[in-house]
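In what follows, a single structure is set out as structure tokens and then discussed.
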Amino acid sequence: MNDIRRSILWVVFGFSMVLIWDKWQIHNGNAPTFFPSAAVTAPAAPDAQPAPRADASVPGSTAAATTAGAEAAPQGSTAPAPAAARHEVTTDVLKLVFNTEGGSLIGADLLKHASTSLGTQPFALLVQNDTQTYLAQTGLIGGSFPTHKTPMTVAPGPTALADGQNELQVRFESDEVGGVKLVKTYTLTRGSYDIAVQHEVLNNSGQPVSPQLYVQLVRDGNKTSSETPFYSTFTGPAVYTEAQKYQKVEFADIDKNKADFEKSATNGYVAMVQHYFASAWVLADGIARDNFARKVDNNLYAVGSITTLPAIVPGQRKAVEARLFVGPQEEKVLEVITPGLELVKDYGWLTILAKPLYWLLEKIHGFVQNWGWAIVLLVVLIKAAFYWLNASAYKSMAKMKAVNPRIMEMRERLKSNPQQMQQEMMKIYREEKVNPLGGCFPILIQIPVFIALYWVLLSSVEMRNAPWMAWIHDLSSPDPFFVLPVVMAVTTMIQTALNPLPPDPLQAKLMWMMPLMFSVMFFFFPAGLVLYWITNNVLTIAQQSFINKRMGVPLKFTLPFDLFKGKPAAK
């Protein structure tokens, strides 16, 4: 039964590693290795890009979205035309750069978030240069109308939010194209990453027009600097609708024409997501729109929405309101902008556990004002909540360790008779009242909670550039001197040494090798994650030692040296 218990643990561990590897493959744009999903073929984008017809825009039509999206997305080089000019405006949280070509937003610096833990430069989310492209664009299609490539003039006005001023407006106006003029007004609010954008269409032609308004985000397909070979976060487009909820779109799926998301909706948003930050276009609920995600150039991708405006008769105008979010993934901020926007901070399938853990972590931080100590205290509370469950597991392990010498002697004596060996083993377990599975199930129950906490710490922008103490200036970056990973490796070895070794020498060797390999991975993990694991290890060692002492089991460390010299695992 001891072998059975160990076998179950290794099956669970092995299956977990399979799942982690599969997710790592998917995050890095590769096909799943073990659990390939059924391919969903999206309508193929046309090779040529014909001008969209005015009558081709049927609200909710996937075909319309494909055609319109092809026209809306920038083609070839994204460098601004020579006549284009940059226009900068600043609030207390944002420094924005607009381009008079189309009135597009081509730069966004987040003034409350530094580029590095020790840097003074703000983090640049939207950017357009020789190596990076990340833009927010809008325009009209469905005929000869102003697009994001049309030159515009910016109205005179303040370029910085003055003291006591709550709002700042930036107004762009195009020349008439086909008798139609487009006016964009960006309204920036103090303390907000949410920008109100009004699109006003004026029809000065001699006939009614029914243009389509598109809003889109365009960025390159490069991963963010936070990616490592050992853990990966999602970077790419996302679409949210009430019907299908949050739908991530991998760049690789767009390349293969396999992007699967809801194409037609009357609510939701489209977004570009990366580790800690996001941007999103939000049209008002009730407005029918076609969502699209497509490749624009060799390494440029666009995600957006297209909505058909009602017919505008000559001399009249029509206004459409939209909102553009450009900022950090702060849950409280995202929740109030639009339903579902907080899901860009992706906890995966453990969201139901992760959100309460984040709430509790935030409450603790409100008291201690330090995210490092908040992590430590949160783990302490979780271990306290699971104290009695852990106690039953550690009691079972202590009993197993106490009978382990008898098991080893019996295995050596009956190694030529496996059937009798199993009978004798069951007899020893009955005599000693030991349940070989008693230490397994209590631990398995807690695994989802600690995985959820792992994703909370990995996903929370609050960890970014957050100091803990001494040399740890950024809980989202690896320990620069590898002190925490070394401590984590030592505590993992102590914890392993306290556990009873499997009678089988091969299993015993694996039991020592896997934690050590796991510890090596943590040399590249964010310091906040390593701190959480160290705290958990220390509390586990303390509780296990306390229970062993109460049960009269000597606190004896089972060291691995004899195992790898070919000697018996225990004596």
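Note on naming: chains are A, B, ... as they come in the structure tokens, residues start from 1 per chain, ligands start from 1 in the order shown.
Every protein or nucleic acid residue with an atom no more than 10 Å from Pro151 in chain A, counting only C-alpha atoms and leaving out same-chain residues fewer than 4 positions away, appears here: Ala81, Ala83, Ala84, Ala85, Asn99, Thr100, Glu101, Gly102, Gly103, Pro146, Thr147, Phe172, Glu173, Ser174 and Asp175 of chain A.
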Q) What is the CA of Lys248 in chain A-CA of Asp346 in chain A distance in Å, reported with one decimal? A)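 One can read the CA of Lys248 in chain A to CA of Asp346 in chain A distance as 9.7 Å.
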Q: Could you please write out, as a ChimeraX atom specification, every residue of range 143-385 of chain A that DSSP assigns to strand (DSSP E or B)?
A: /A:151-154,160,167-174,177,180-189,194-203,209,212-220,236-241,245-248,264-265,269-274,277-283,289-297,300-308,312,317-328
Q. What's the 10 Å shell around Asn537 in chain A, counting only C-alpha atoms, without same-chain residues fewer than 6 positions away, as a count of residues only?
A. 10
Q: Run DSSP on the backbone of this structure and report the residues of range 334-442 of chain A it assigns to alpha helix (DSSP H), as number ranges by chain.
A: A: 334-337, 351-368, 371-385, 387-413, 418-432, 441-442
(Q) Just the number, please: distance in Å from CA of Ser232 in chain A to CA of Leu324 in chain A, one decimal. (A) 26.6 Å
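One distance worth recording is that between CA of Tyr532 in chain A and CA of Phe123 in chain A, which is 26.5 Å.
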